[in-house]
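Below is entry-v4.txt, holding compact mmCIF, C-alpha atoms.
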```txt
# COMPACT_ATOMS: atom_id res chain seq x y z
CA MET Y 835 13.81 -4.33 -19.44
CA PHE Y 836 14.52 -5.31 -15.84
CA ASP Y 837 17.86 -6.95 -14.92
CA ILE Y 838 16.34 -10.29 -13.95
CA ASP Y 839 18.76 -13.25 -14.06
CA SER Y 840 16.42 -16.01 -12.99
CA TYR Y 841 12.68 -16.19 -12.65
CA HIS Y 842 10.41 -18.89 -11.26
CA LYS Y 843 6.68 -18.61 -10.87
CA ALA Y 844 4.89 -20.28 -7.97
CA ASP Y 845 1.19 -21.09 -7.93
CA THR Y 846 1.05 -22.29 -4.32
CA VAL Y 847 2.84 -21.51 -1.06
CA ASP Y 848 4.51 -24.93 -1.03
CA GLU Y 849 5.77 -24.39 -4.56
CA ALA Y 850 7.18 -21.01 -3.51
CA ILE Y 851 8.96 -22.59 -0.53
CA ALA Y 852 10.45 -25.30 -2.74
CA LEU Y 853 11.62 -22.72 -5.28
CA LEU Y 854 13.10 -20.43 -2.61
CA SER Y 855 14.90 -23.40 -1.00
CA LYS Y 856 16.34 -24.45 -4.36
CA ASN Y 857 17.36 -20.86 -5.21
CA PRO Y 858 18.84 -19.37 -2.03
CA ASP Y 859 19.66 -16.06 -3.77
CA ALA Y 860 16.06 -15.54 -4.86
CA VAL Y 861 13.68 -13.02 -3.31
CA PRO Y 862 9.91 -13.31 -3.44
CA ILE Y 863 8.06 -10.81 -5.63
CA ALA Y 864 4.33 -10.22 -5.00
CA GLY Y 865 2.98 -6.77 -5.94
CA GLY Y 866 6.34 -5.69 -7.31
CA THR Y 867 6.08 -2.05 -6.22
CA ASP Y 868 9.27 -2.36 -4.17
CA VAL Y 869 11.17 -5.14 -5.94
CA LEU Y 870 10.69 -3.70 -9.43
CA VAL Y 871 11.71 -0.24 -8.19
CA ARG Y 872 14.95 -1.79 -6.87
CA LEU Y 873 15.46 -3.53 -10.22
CA HIS Y 874 14.74 -0.27 -12.01
CA GLY Y 875 17.70 1.08 -10.02
CA HIS Y 876 19.82 -1.93 -11.11
CA ASN Y 877 20.11 -3.31 -7.57
CA PRO Y 878 21.89 -6.68 -7.97
CA ASP Y 879 20.26 -8.17 -4.84
CA TYR Y 880 16.96 -8.58 -6.64
CA ARG Y 881 18.05 -10.35 -9.81
CA HIS Y 882 16.73 -13.76 -8.83
CA LEU Y 883 12.99 -13.88 -8.34
CA VAL Y 884 10.37 -16.30 -7.10
CA ASP Y 885 7.07 -14.89 -8.27
CA ILE Y 886 4.20 -15.25 -5.76
CA HIS Y 887 1.99 -12.66 -7.49
CA ASP Y 888 -0.69 -15.21 -8.36
CA VAL Y 889 -0.65 -17.39 -5.24
CA ALA Y 890 -4.39 -17.27 -4.50
CA GLU Y 891 -4.15 -18.80 -1.00
CA LEU Y 892 -2.29 -15.69 0.23
CA LYS Y 893 -5.05 -13.29 -0.77
CA ASN Y 894 -7.78 -13.98 1.80
CA ILE Y 895 -8.98 -12.02 4.81
CA THR Y 896 -10.88 -14.24 7.25
CA MET Y 897 -12.06 -14.34 10.84
CA GLU Y 898 -11.55 -17.52 12.83
CA PRO Y 899 -14.28 -18.79 15.21
CA ASP Y 900 -12.43 -17.29 18.22
CA GLY Y 901 -12.43 -13.85 16.56
CA THR Y 902 -8.81 -13.92 15.35
CA ILE Y 903 -8.48 -11.86 12.18
CA VAL Y 904 -6.22 -13.48 9.58
CA ILE Y 905 -4.90 -11.33 6.75
CA GLY Y 906 -3.10 -13.11 3.92
CA SER Y 907 0.31 -11.64 3.11
CA GLY Y 908 -0.72 -11.25 -0.55
CA VAL Y 909 -3.70 -8.97 0.19
CA ASN Y 910 -3.27 -5.60 -1.54
CA PHE Y 911 -4.00 -2.30 0.20
CA THR Y 912 -7.14 -1.52 -1.80
CA ASP Y 913 -8.71 -4.86 -0.88
CA LEU Y 914 -7.52 -4.40 2.71
CA ALA Y 915 -9.26 -1.02 3.06
CA GLN Y 916 -12.42 -2.35 1.40
CA SER Y 917 -12.63 -5.46 3.56
CA ALA Y 918 -15.63 -5.38 5.91
CA ILE Y 919 -13.69 -7.44 8.49
CA VAL Y 920 -10.91 -4.84 8.55
CA SER Y 921 -12.99 -1.66 8.37
CA THR Y 922 -15.40 -2.85 11.08
CA ASN Y 923 -12.95 -4.31 13.57
CA ILE Y 924 -9.53 -2.81 12.96
CA PRO Y 925 -10.09 0.47 11.06
CA VAL Y 926 -6.67 1.72 12.22
CA LEU Y 927 -5.08 -0.72 9.77
CA ALA Y 928 -7.25 0.57 6.92
CA GLU Y 929 -6.09 4.10 7.84
CA GLY Y 930 -2.45 3.05 7.60
CA GLY Y 931 -2.93 1.09 4.39
CA SER Y 932 -4.84 3.91 2.69
CA SER Y 933 -1.98 6.35 3.23
CA ILE Y 934 0.45 4.29 1.13
CA GLY Y 935 1.42 5.58 -2.34
CA GLY Y 936 -1.39 6.39 -4.75
CA PRO Y 937 -4.38 4.32 -5.93
CA GLN Y 938 -2.47 2.44 -8.64
CA VAL Y 939 0.21 1.41 -6.13
CA ARG Y 940 -2.36 0.39 -3.49
CA ASN Y 941 -4.14 -1.73 -6.14
CA VAL Y 942 -1.10 -4.02 -6.35
CA ALA Y 943 1.18 -3.46 -3.33
CA THR Y 944 0.74 -6.14 -0.67
CA ILE Y 945 0.69 -5.94 3.11
CA GLY Y 946 3.17 -8.83 3.30
CA GLY Y 947 5.64 -6.93 1.13
CA ASN Y 948 5.23 -3.72 3.12
CA ILE Y 949 6.26 -5.62 6.27
CA SER Y 950 8.79 -8.09 4.79
CA ASN Y 951 10.94 -5.41 3.18
CA GLY Y 952 11.75 -4.14 6.67
CA ALA Y 953 11.26 -0.47 5.79
CA PRO Y 954 11.17 1.76 8.89
CA SER Y 955 8.61 3.90 7.04
CA ALA Y 956 6.09 1.11 6.28
CA ASP Y 957 2.66 2.64 6.86
CA ALA Y 958 1.11 -0.72 7.71
CA ALA Y 959 3.63 -1.33 10.50
CA PRO Y 960 2.60 1.10 13.30
CA PRO Y 961 -1.09 0.07 13.06
CA LEU Y 962 -0.12 -3.63 13.09
CA LEU Y 963 2.20 -3.04 16.07
CA VAL Y 964 -0.55 -1.44 18.15
CA LEU Y 965 -2.81 -4.35 17.20
CA ASN Y 966 -0.20 -6.76 18.60
CA ALA Y 967 -0.15 -8.52 15.23
CA HIS Y 968 1.66 -11.82 14.87
CA ILE Y 969 3.40 -12.96 11.71
CA GLU Y 970 3.01 -16.47 10.38
CA LEU Y 971 5.73 -17.87 8.16
CA LYS Y 972 5.95 -21.18 6.36
CA GLY Y 973 9.22 -22.76 5.37
CA PRO Y 974 10.70 -26.19 4.62
CA GLU Y 975 10.31 -27.04 8.33
CA GLY Y 976 6.68 -26.00 8.54
CA PHE Y 977 4.89 -23.07 10.15
CA ARG Y 978 6.11 -20.69 12.83
CA ARG Y 979 4.56 -17.62 14.41
CA LEU Y 980 6.13 -14.64 16.12
CA PRO Y 981 5.09 -11.16 17.25
CA LEU Y 982 5.61 -8.49 14.60
CA HIS Y 983 7.95 -6.49 16.86
CA ASP Y 984 10.27 -9.53 17.03
CA PHE Y 985 10.11 -9.99 13.26
CA TYR Y 986 11.86 -6.63 12.76
CA GLN Y 987 15.61 -6.96 13.30
CA GLY Y 988 17.12 -3.81 11.82
CA PRO Y 989 16.76 -1.41 8.92
CA GLY Y 990 15.66 -3.52 5.96
CA GLN Y 991 16.20 -6.67 8.03
CA VAL Y 992 13.50 -9.07 9.15
CA ASP Y 993 13.50 -12.56 10.63
CA ARG Y 994 12.56 -14.36 7.42
CA LYS Y 995 14.76 -17.39 7.11
CA SER Y 996 15.93 -18.85 3.85
CA GLY Y 997 13.13 -20.73 2.10
CA GLU Y 998 10.40 -19.06 4.14
CA ILE Y 999 7.31 -17.19 2.93
CA MET Y 1000 5.18 -14.95 5.11
CA THR Y 1001 1.75 -16.52 4.88
CA CYS Y 1002 -0.38 -14.21 7.00
CA LEU Y 1003 -0.73 -11.64 9.76
CA ARG Y 1004 -2.87 -12.62 12.75
CA ILE Y 1005 -4.67 -10.31 15.17
CA GLY Y 1006 -6.31 -11.88 18.21
CA SER Y 1007 -9.77 -10.74 19.34
CA THR Y 1008 -8.49 -9.51 22.75
CA ASP Y 1009 -6.21 -7.14 20.83
CA TYR Y 1010 -9.05 -5.29 19.09
CA LYS Y 1011 -12.31 -5.89 20.98
CA GLY Y 1012 -12.87 -2.86 23.23
CA TRP Y 1013 -9.85 -1.10 21.72
CA SER Y 1014 -9.96 1.97 19.51
CA GLY Y 1015 -7.13 3.26 17.39
CA HIS Y 1016 -5.87 5.94 15.04
CA TYR Y 1017 -3.00 6.25 12.55
CA TYR Y 1018 -1.58 9.50 11.24
CA LYS Y 1019 1.11 9.86 8.61
CA TYR Y 1020 3.10 13.07 8.72
CA ALA Y 1021 4.67 13.66 5.31
CA MET Y 1022 5.78 16.64 3.26
CA ARG Y 1023 3.06 16.10 0.66
CA GLY Y 1024 -0.58 15.16 1.09
CA ALA Y 1025 -0.20 12.04 -1.07
CA MET Y 1026 2.43 9.92 -2.82
CA ASP Y 1027 5.06 10.50 -0.17
CA ILE Y 1028 7.08 8.56 2.35
CA ALA Y 1029 6.24 9.25 5.98
CA THR Y 1030 8.49 11.70 7.81
CA ILE Y 1031 6.93 10.17 10.91
CA GLY Y 1032 4.07 7.68 11.14
CA CYS Y 1033 2.21 7.31 14.42
CA ALA Y 1034 -0.39 4.78 15.57
CA ALA Y 1035 -2.14 4.75 18.92
CA ALA Y 1036 -4.62 2.32 20.42
CA CYS Y 1037 -6.36 2.44 23.75
CA LYS Y 1038 -8.78 0.60 25.97
CA ILE Y 1039 -10.59 2.47 28.71
CA ASP Y 1040 -12.26 1.07 31.82
CA GLY Y 1041 -14.18 3.44 34.11
CA GLY Y 1042 -12.36 6.50 32.82
CA ARG Y 1043 -8.96 4.94 33.42
CA VAL Y 1044 -6.45 3.47 31.00
CA ALA Y 1045 -6.88 -0.30 30.81
CA GLY Y 1046 -4.32 -0.33 28.02
CA ILE Y 1047 -2.44 2.04 25.77
CA ARG Y 1048 -0.29 1.16 22.81
CA LEU Y 1049 1.82 3.56 20.78
CA ALA Y 1050 3.96 2.78 17.75
CA PHE Y 1051 6.00 4.93 15.39
CA GLY Y 1052 7.46 4.59 11.93
CA VAL Y 1053 10.69 6.36 10.84
CA ALA Y 1054 11.48 7.01 14.51
CA GLY Y 1055 14.22 4.39 14.73
CA PRO Y 1056 15.91 1.66 12.68
CA THR Y 1057 12.64 -0.28 12.56
CA PRO Y 1058 9.02 0.60 13.34
CA LEU Y 1059 8.94 0.73 17.15
CA ARG Y 1060 6.51 0.26 20.03
CA CYS Y 1061 6.77 2.64 23.00
CA TRP Y 1062 6.89 0.06 25.76
CA ARG Y 1063 8.07 2.28 28.64
CA THR Y 1064 5.56 5.02 27.93
CA GLU Y 1065 2.77 2.47 27.66
CA GLU Y 1066 3.69 1.00 31.03
CA LYS Y 1067 3.82 4.44 32.68
CA ALA Y 1068 0.36 5.29 31.33
CA GLN Y 1069 -1.28 2.10 32.57
CA GLY Y 1070 -4.04 2.86 35.09
CA SER Y 1071 -3.91 6.65 34.57
CA VAL Y 1072 -7.07 8.72 34.39
CA ALA Y 1073 -7.79 9.42 30.72
CA ASP Y 1074 -7.42 13.19 30.67
CA GLN Y 1075 -4.96 15.92 29.63
CA THR Y 1076 -2.47 14.76 32.29
CA LEU Y 1077 -2.26 11.43 30.47
CA LEU Y 1078 -1.58 13.14 27.16
CA ASP Y 1079 1.16 15.25 28.82
CA LEU Y 1080 2.70 12.16 30.42
CA VAL Y 1081 2.78 10.39 27.06
CA SER Y 1082 4.24 13.30 25.08
CA ASP Y 1083 6.89 13.91 27.79
CA SER Y 1084 7.95 10.27 27.85
CA VAL Y 1085 7.66 9.10 24.24
CA LEU Y 1086 11.09 10.21 22.98
CA GLY Y 1087 12.72 7.90 25.56
CA ASP Y 1088 11.34 4.92 23.63
CA LEU Y 1089 12.51 6.03 20.20
CA ARG Y 1090 15.68 6.70 18.23
CA PRO Y 1091 14.94 9.11 15.38
CA ARG Y 1092 17.89 10.28 13.28
CA ASP Y 1093 18.96 12.85 10.75
CA SER Y 1094 18.34 11.98 7.13
CA TRP Y 1095 18.01 13.97 3.96
CA ARG Y 1096 14.24 13.86 4.40
CA ALA Y 1097 14.18 15.49 7.83
CA SER Y 1098 16.48 16.34 10.74
CA LYS Y 1099 16.45 14.49 14.06
CA ASP Y 1100 15.31 17.66 15.87
CA PHE Y 1101 12.39 18.10 13.50
CA ARG Y 1102 11.41 14.45 13.82
CA GLU Y 1103 11.47 14.72 17.62
CA GLN Y 1104 9.17 17.73 17.44
CA ILE Y 1105 6.74 15.81 15.21
CA ILE Y 1106 6.87 12.71 17.43
CA THR Y 1107 6.04 14.68 20.57
CA THR Y 1108 3.17 16.50 18.88
CA LEU Y 1109 1.76 13.40 17.18
CA SER Y 1110 1.91 11.23 20.31
CA GLU Y 1111 -0.54 13.60 21.98
CA ARG Y 1112 -2.71 14.31 18.95
CA VAL Y 1113 -3.03 10.72 17.73
CA LEU Y 1114 -3.70 9.30 21.19
CA LYS Y 1115 -6.30 12.03 21.75
CA GLU Y 1116 -8.16 10.90 18.62
CA ALA Y 1117 -7.89 7.23 19.63
CA LEU Y 1118 -9.37 8.15 23.04
CA ASN Y 1119 -12.08 10.15 21.30
CA ARG Y 1120 -13.03 7.05 19.33
CA ASN Y 1121 -13.35 5.21 22.63
CA GLY Y 1122 -15.83 7.81 23.91
CA VAL Y 1123 -13.31 9.90 25.87
CA SER Y 1124 -13.13 13.43 24.58
CA ILE Y 1125 -10.41 15.66 25.98
CA PRO Y 1126 -10.92 19.34 25.15
CA MET Z 931 13.52 -16.06 -21.00
CA ASN Z 932 10.62 -16.01 -23.42
CA ARG Z 933 7.09 -16.93 -22.61
CA ASN Z 934 3.71 -16.68 -24.34
CA ILE Z 935 0.90 -14.69 -22.81
CA SER Z 936 -2.69 -14.43 -23.94
CA CYS Z 937 -4.71 -11.41 -23.01
CA THR Z 938 -7.37 -9.09 -24.28
CA VAL Z 939 -6.32 -5.57 -25.17
CA ASN Z 940 -9.17 -3.14 -25.78
CA SER Z 941 -11.51 -6.10 -26.53
CA LYS Z 942 -9.10 -7.74 -29.00
CA SER Z 943 -7.60 -11.14 -28.15
CA MET Z 944 -3.84 -11.21 -28.32
CA THR Z 945 -1.20 -13.90 -27.92
CA TRP Z 946 2.24 -12.44 -27.57
CA GLN Z 947 5.66 -13.87 -27.05
CA ILE Z 948 7.27 -11.78 -24.36
CA ASP Z 949 10.50 -11.72 -22.41
CA ILE Z 950 9.73 -12.20 -18.71
CA ARG Z 951 12.05 -9.27 -17.94
CA MET Z 952 9.68 -6.87 -19.68
CA SER Z 953 7.19 -4.63 -17.95
CA LEU Z 954 3.66 -4.50 -19.27
CA ALA Z 955 4.36 -0.92 -20.39
CA ASP Z 956 7.30 -2.15 -22.52
CA VAL Z 957 5.17 -4.83 -24.16
CA LEU Z 958 2.19 -2.59 -24.83
CA ARG Z 959 4.37 0.10 -26.39
CA GLU Z 960 6.19 -2.48 -28.50
CA HIS Z 961 2.83 -3.55 -29.93
CA GLY Z 962 1.83 -0.03 -30.82
CA TYR Z 963 -0.11 1.04 -27.74
CA THR Z 964 1.98 4.17 -27.42
CA SER Z 965 -0.60 6.05 -25.38
CA VAL Z 966 1.10 4.21 -22.51
CA LYS Z 967 3.89 6.55 -21.41
CA GLU Z 968 6.77 5.73 -19.15
CA GLY Z 969 7.46 8.80 -17.05
CA CYS Z 970 9.17 8.00 -13.76
CA GLY Z 971 9.42 4.20 -14.00
CA VAL Z 972 8.91 3.85 -10.24
CA GLY Z 973 5.16 4.20 -9.70
CA GLU Z 974 4.99 7.86 -8.83
CA CYS Z 975 3.72 9.65 -11.95
CA GLY Z 976 0.99 7.35 -13.28
CA ALA Z 977 1.64 8.22 -16.94
CA CYS Z 978 1.70 4.47 -17.70
CA ALA Z 979 -1.62 3.70 -15.99
CA VAL Z 980 -3.81 1.12 -17.73
CA LEU Z 981 -6.78 -0.87 -16.50
CA ILE Z 982 -6.25 -4.56 -15.83
CA ASP Z 983 -9.59 -6.28 -15.30
CA ASP Z 984 -10.94 -2.74 -14.71
CA VAL Z 985 -8.40 -1.99 -11.95
CA ALA Z 986 -5.97 0.90 -12.54
CA VAL Z 987 -2.36 -0.22 -12.42
CA ASP Z 988 0.97 1.44 -13.25
CA SER Z 989 2.05 -0.75 -16.16
CA CYS Z 990 5.74 0.21 -15.79
CA LEU Z 991 5.80 -1.54 -12.39
CA TYR Z 992 3.88 -4.57 -13.57
CA LEU Z 993 5.55 -7.60 -15.11
CA ALA Z 994 4.04 -8.40 -18.49
CA VAL Z 995 3.69 -12.09 -17.49
CA TRP Z 996 1.12 -11.03 -14.87
CA ALA Z 997 -1.19 -9.85 -17.65
CA ASP Z 998 -1.62 -13.42 -18.91
CA GLY Z 999 -5.36 -14.16 -19.02
CA CYS Z 1000 -6.28 -10.56 -18.19
CA ASN Z 1001 -8.38 -7.92 -19.87
CA ILE Z 1002 -6.35 -4.77 -20.50
CA ARG Z 1003 -7.73 -1.36 -21.36
CA THR Z 1004 -5.62 1.52 -22.71
CA THR Z 1005 -6.67 4.97 -23.89
CA GLU Z 1006 -6.59 3.76 -27.52
CA GLY Z 1007 -9.63 1.58 -26.87
CA GLU Z 1008 -11.75 4.06 -24.95
CA SER Z 1009 -13.34 5.77 -27.93
CA LYS Z 1010 -15.88 3.57 -29.67
CA GLU Z 1011 -16.75 3.96 -33.38
CA GLY Z 1012 -15.19 7.38 -33.56
CA LYS Z 1013 -17.01 8.61 -30.44
CA LEU Z 1014 -14.96 9.67 -27.43
CA SER Z 1015 -15.64 8.00 -24.09
CA PRO Z 1016 -17.48 10.17 -21.51
CA VAL Z 1017 -14.20 10.79 -19.69
CA GLN Z 1018 -12.34 11.74 -22.87
CA GLN Z 1019 -15.22 14.04 -23.91
CA ALA Z 1020 -15.20 15.70 -20.49
CA TYR Z 1021 -11.41 16.24 -20.72
CA LEU Z 1022 -12.00 17.93 -24.06
CA GLU Z 1023 -14.80 20.13 -22.78
CA THR Z 1024 -13.00 21.25 -19.62
CA GLY Z 1025 -9.72 21.90 -21.43
CA SER Z 1026 -7.88 19.38 -19.26
CA VAL Z 1027 -5.10 18.70 -21.72
CA GLN Z 1028 -1.98 20.85 -21.73
CA CYS Z 1029 1.22 19.21 -22.99
CA GLY Z 1030 -0.63 15.89 -22.99
CA PHE Z 1031 2.06 13.53 -21.72
CA CYS Z 1032 0.19 12.66 -18.52
CA THR Z 1033 -3.22 12.63 -20.22
CA PRO Z 1034 -3.54 8.95 -21.27
CA GLY Z 1035 -2.66 7.77 -17.75
CA LEU Z 1036 -4.96 10.34 -16.20
CA VAL Z 1037 -7.78 9.35 -18.54
CA MET Z 1038 -7.47 5.72 -17.44
CA ALA Z 1039 -7.22 6.60 -13.72
CA SER Z 1040 -10.22 8.93 -14.14
CA THR Z 1041 -12.16 6.22 -16.01
CA SER Z 1042 -11.54 3.78 -13.17
CA PHE Z 1043 -12.60 6.41 -10.60
CA VAL Z 1044 -15.79 7.30 -12.51
CA GLU Z 1045 -16.74 3.63 -12.98
CA GLN Z 1046 -16.20 2.92 -9.28
CA HIS Z 1047 -18.24 5.90 -8.10
CA LYS Z 1048 -21.23 5.55 -10.45
CA GLY Z 1049 -24.32 7.08 -8.86
CA GLN Z 1050 -22.43 8.28 -5.77
CA LYS Z 1051 -21.99 11.81 -4.52
CA VAL Z 1052 -18.27 12.55 -4.45
CA SER Z 1053 -16.36 15.54 -3.17
CA ARG Z 1054 -13.51 17.32 -4.96
CA GLU Z 1055 -11.28 16.04 -2.17
CA GLN Z 1056 -12.25 12.44 -3.02
CA ILE Z 1057 -11.53 13.05 -6.69
CA ARG Z 1058 -8.12 14.50 -5.84
CA LYS Z 1059 -7.36 11.53 -3.58
CA GLY Z 1060 -8.55 9.14 -6.31
CA LEU Z 1061 -6.16 10.71 -8.81
CA ALA Z 1062 -3.26 11.17 -6.37
CA GLY Z 1063 -1.21 8.60 -8.27
CA ASN Z 1064 -0.99 10.76 -11.41
CA LEU Z 1065 1.30 13.74 -11.78
CA CYS Z 1066 0.90 16.56 -14.31
CA ARG Z 1067 4.00 18.69 -14.73
CA CYS Z 1068 1.92 21.44 -16.34
CA THR Z 1069 -0.09 21.35 -13.06
CA GLY Z 1070 -3.35 21.35 -14.94
CA TYR Z 1071 -5.16 19.56 -12.14
CA ASP Z 1072 -8.16 21.83 -11.85
CA GLY Z 1073 -9.50 20.99 -15.30
CA VAL Z 1074 -8.99 17.29 -14.59
CA VAL Z 1075 -10.98 17.49 -11.37
CA ARG Z 1076 -13.76 19.37 -13.19
CA ALA Z 1077 -13.78 16.74 -15.95
CA VAL Z 1078 -14.25 13.92 -13.44
CA GLU Z 1079 -16.91 15.93 -11.62
CA GLN Z 1080 -18.75 16.49 -14.87
CA CYS Z 1081 -18.70 12.75 -15.70
CA ILE Z 1082 -20.02 11.80 -12.28
CA ASP Z 1083 -22.74 14.46 -12.36
CA ALA Z 1084 -23.80 13.19 -15.79
CA GLU Z 1085 -24.08 9.65 -14.42
CA GLU Z 1086 -26.46 10.72 -11.65
```

So, in terms of structure tokens, how does the structure I just supplied come out?
Amino acid sequence: MFDIDSYHKADTVDEAIALLSKNPDAVPIAGGTDVLVRLHGHNPDYRHLVDIHDVAELKNITMEPDGTIVIGSGVNFTDLAQSAIVSTNIPVLAEGGSSIGGPQVRNVATIGGNISNGAPSADAAPPLLVLNAHIELKGPEGFRRLPLHDFYQGPGQVDRKSGEIMTCLRIGSTDYKGWSGHYYKYAMRGAMDIATIGCAAACKIDGGRVAGIRLAFGVAGPTPLRCWRTEEKAQGSVADQTLLDLVSDSVLGDLRPRDSWRASKDFREQIITTLSERVLKEALNRNGVSIP
Amino acid sequence: MNRNISCTVNSKSMTWQIDIRMSLADVLREHGYTSVKEGCGVGECGACAVLIDDVAVDSCLYLAVWADGCNIRTTEGESKEGKLSPVQQAYLETGSVQCGFCTPGLVMASTSFVEQHKGQKVSREQIRKGLAGNLCRCTGYDGVVRAVEQCIDAEE
């Protein structure tokens, strides 16, 4: 039996907000694959729950008339990967989502939970960062939106204020139309493992030159991180081996990997340098630029 | 913290009083569905896998209250009138059972995989990926993969 002290079930977002406001110690539980694991380990921070597992309005994936893709926070990773909107327009997110856990976990674990728990290793985070995803939250004061990279505040810390629920992730059409992307998870095992390093790259090419490059890493710092300086340096470069060299030489300057029992800092740096080149190369390849 | 839930388990309607702190695995085992094993308790081994509305789920990481109104399938219900299900029969024929602890969960994960890939051509790699959420400490994976292959070939 789990150590749950109080439990309230919400059927709608507004009900969840009211329950979270009334119970400031409560955390939302959706898929449960993180929260119940914490409770299995008797973590006292998760003893008060507001259950949003069956809030139907959080489980939709839609495209707005202007092409913005809206992914409900309660969408699980199996439905995410099977969504035609996602696999056609932003396959990099399906790649990230499909590398999480095993099938049974992906059948229940939600994208909102993967982001809200603030894990530096979240496999959905690097793809969402290179898609310039925005988070929408709803709280007692109404809606607010912010870029995903601002939502992350530190290890396990996100900008979710008391009483708030993440409603959806939004990806604007200018952030995926003409872009190609790739995500690669480096882990010790081929499945059911936490990333040693996760790397996502996206690129847009115009006349053989870089019209835009985005790189993001998981487990390479206290939160999933974008490589802003490297991206800026690469802007306008000819898309060839020199670009890949520039990126792999510069990328560590944007990141802060550390030693942990899973892997040493030195090893992580080696993986980051190698992946930056390899993952970007594949993203370029998907945009019709093949570098031998 | 008690609540009533109504669900179908292996085609039988049930109404159970449960404690909201219980996992679905706890509740199923308490009612005699002991094919459901709790191995790791954290969603890594898959020994507790059951099908909820035909979707494979680790029942140890699933609150029992979420099963309200759902259709649950466990290994106990897979054989019909004394006849093993195609997946169970294939496990038997390929010798996929060693110590047997992981088998009920693997049977359910395999059943879900076979049902989802009816009439499709699947690779061994796809089968392995589809069963990646189930661990066998006897490492008897090869027989399991052959069992799933055999079921899918038979469906074609």

Residue hits in chain Z, query chain Y, radius 8 Å, all atoms listed in the file, as a PDB file with C-alpha atoms, in the coordinates of the input:
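Output saved as selection_4.pdb:
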```pdb
ATOM      1  CA  ILE Z 950       9.730 -12.200 -18.710  1.00  0.00           C
ATOM      2  CA  ARG Z 951      12.050  -9.270 -17.940  1.00  0.00           C
ATOM      3  CA  MET Z 952       9.680  -6.870 -19.680  1.00  0.00           C
ATOM      4  CA  SER Z 953       7.190  -4.630 -17.950  1.00  0.00           C
ATOM      5  CA  ASP Z 956       7.300  -2.150 -22.520  1.00  0.00           C
ATOM      6  CA  GLY Z 971       9.420   4.200 -14.000  1.00  0.00           C
ATOM      7  CA  VAL Z 972       8.910   3.850 -10.240  1.00  0.00           C
ATOM      8  CA  GLY Z 973       5.160   4.200  -9.700  1.00  0.00           C
ATOM      9  CA  GLU Z 974       4.990   7.860  -8.830  1.00  0.00           C
ATOM     10  CA  GLY Z 976       0.990   7.350 -13.280  1.00  0.00           C
ATOM     11  CA  ALA Z 979      -1.620   3.700 -15.990  1.00  0.00           C
ATOM     12  CA  VAL Z 985      -8.400  -1.990 -11.950  1.00  0.00           C
ATOM     13  CA  ALA Z 986      -5.970   0.900 -12.540  1.00  0.00           C
ATOM     14  CA  VAL Z 987      -2.360  -0.220 -12.420  1.00  0.00           C
ATOM     15  CA  ASP Z 988       0.970   1.440 -13.250  1.00  0.00           C
ATOM     16  CA  LEU Z 991       5.800  -1.540 -12.390  1.00  0.00           C
ATOM     17  CA  TYR Z 992       3.880  -4.570 -13.570  1.00  0.00           C
ATOM     18  CA  TRP Z 996       1.120 -11.030 -14.870  1.00  0.00           C
ATOM     19  CA  LYS Z1059      -7.360  11.530  -3.580  1.00  0.00           C
ATOM     20  CA  GLY Z1060      -8.550   9.140  -6.310  1.00  0.00           C
ATOM     21  CA  LEU Z1061      -6.160  10.710  -8.810  1.00  0.00           C
ATOM     22  CA  ALA Z1062      -3.260  11.170  -6.370  1.00  0.00           C
ATOM     23  CA  GLY Z1063      -1.210   8.600  -8.270  1.00  0.00           C
ATOM     24  CA  ASN Z1064      -0.990  10.760 -11.410  1.00  0.00           C
TER      25      ASN Z1064
END
```

*Could you name the residues that touch region 1068-1081 of chain Y at 8 Å or less, counting all atoms listed in the file, but leaving out those on the same chain fewer than 2 positions away, as a ChimeraX atom specification?*
/Y:1039,1042-1047,1064-1066,1083-1085,1110-1111,1114-1115,1118,1123,1125

*CA of Met897 (chain Y) and CA of Cys1002 (chain Y) are how many Å apart?*
12.3 Å

Padding of 6 Å on every side, edges along x, y and z, all listed atoms of region 1078-1081 of chain Z included: what centre and edge lengths in Å, to one decimal, does that box have, as AutoDock Vina command-line options?
```
--center_x -16.5 --center_y 14.6 --center_z -13.7 --size_x 16.5 --size_y 15.7 --size_z 16.1
```

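Using all atoms listed in the file, the nearest neighbour of Cys970 (chain Z) within the list Z:Ser989, Z:Thr1004, Z:Ser1026, Z:Gln1046 is Z:Ser989.
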
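Interatomic distance, CA of Pro925 (chain Y) against CA of Ala1050 (chain Y): 15.7 Å.
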
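Our summary of the geometry notes that CA of Asp1100 (chain Y) is positioned 11.4 Å from CA of Ala1054 (chain Y).
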
*asked:* Using all atoms listed in the file and a cutoff of 7 Å, can you tell me which residues are near (-20.3, 14.3, -6.4) in the file's coordinates, and write them out as JSON, numbers by chain?
replied: {"Z": [1050, 1051, 1052, 1053, 1079, 1082, 1083]}
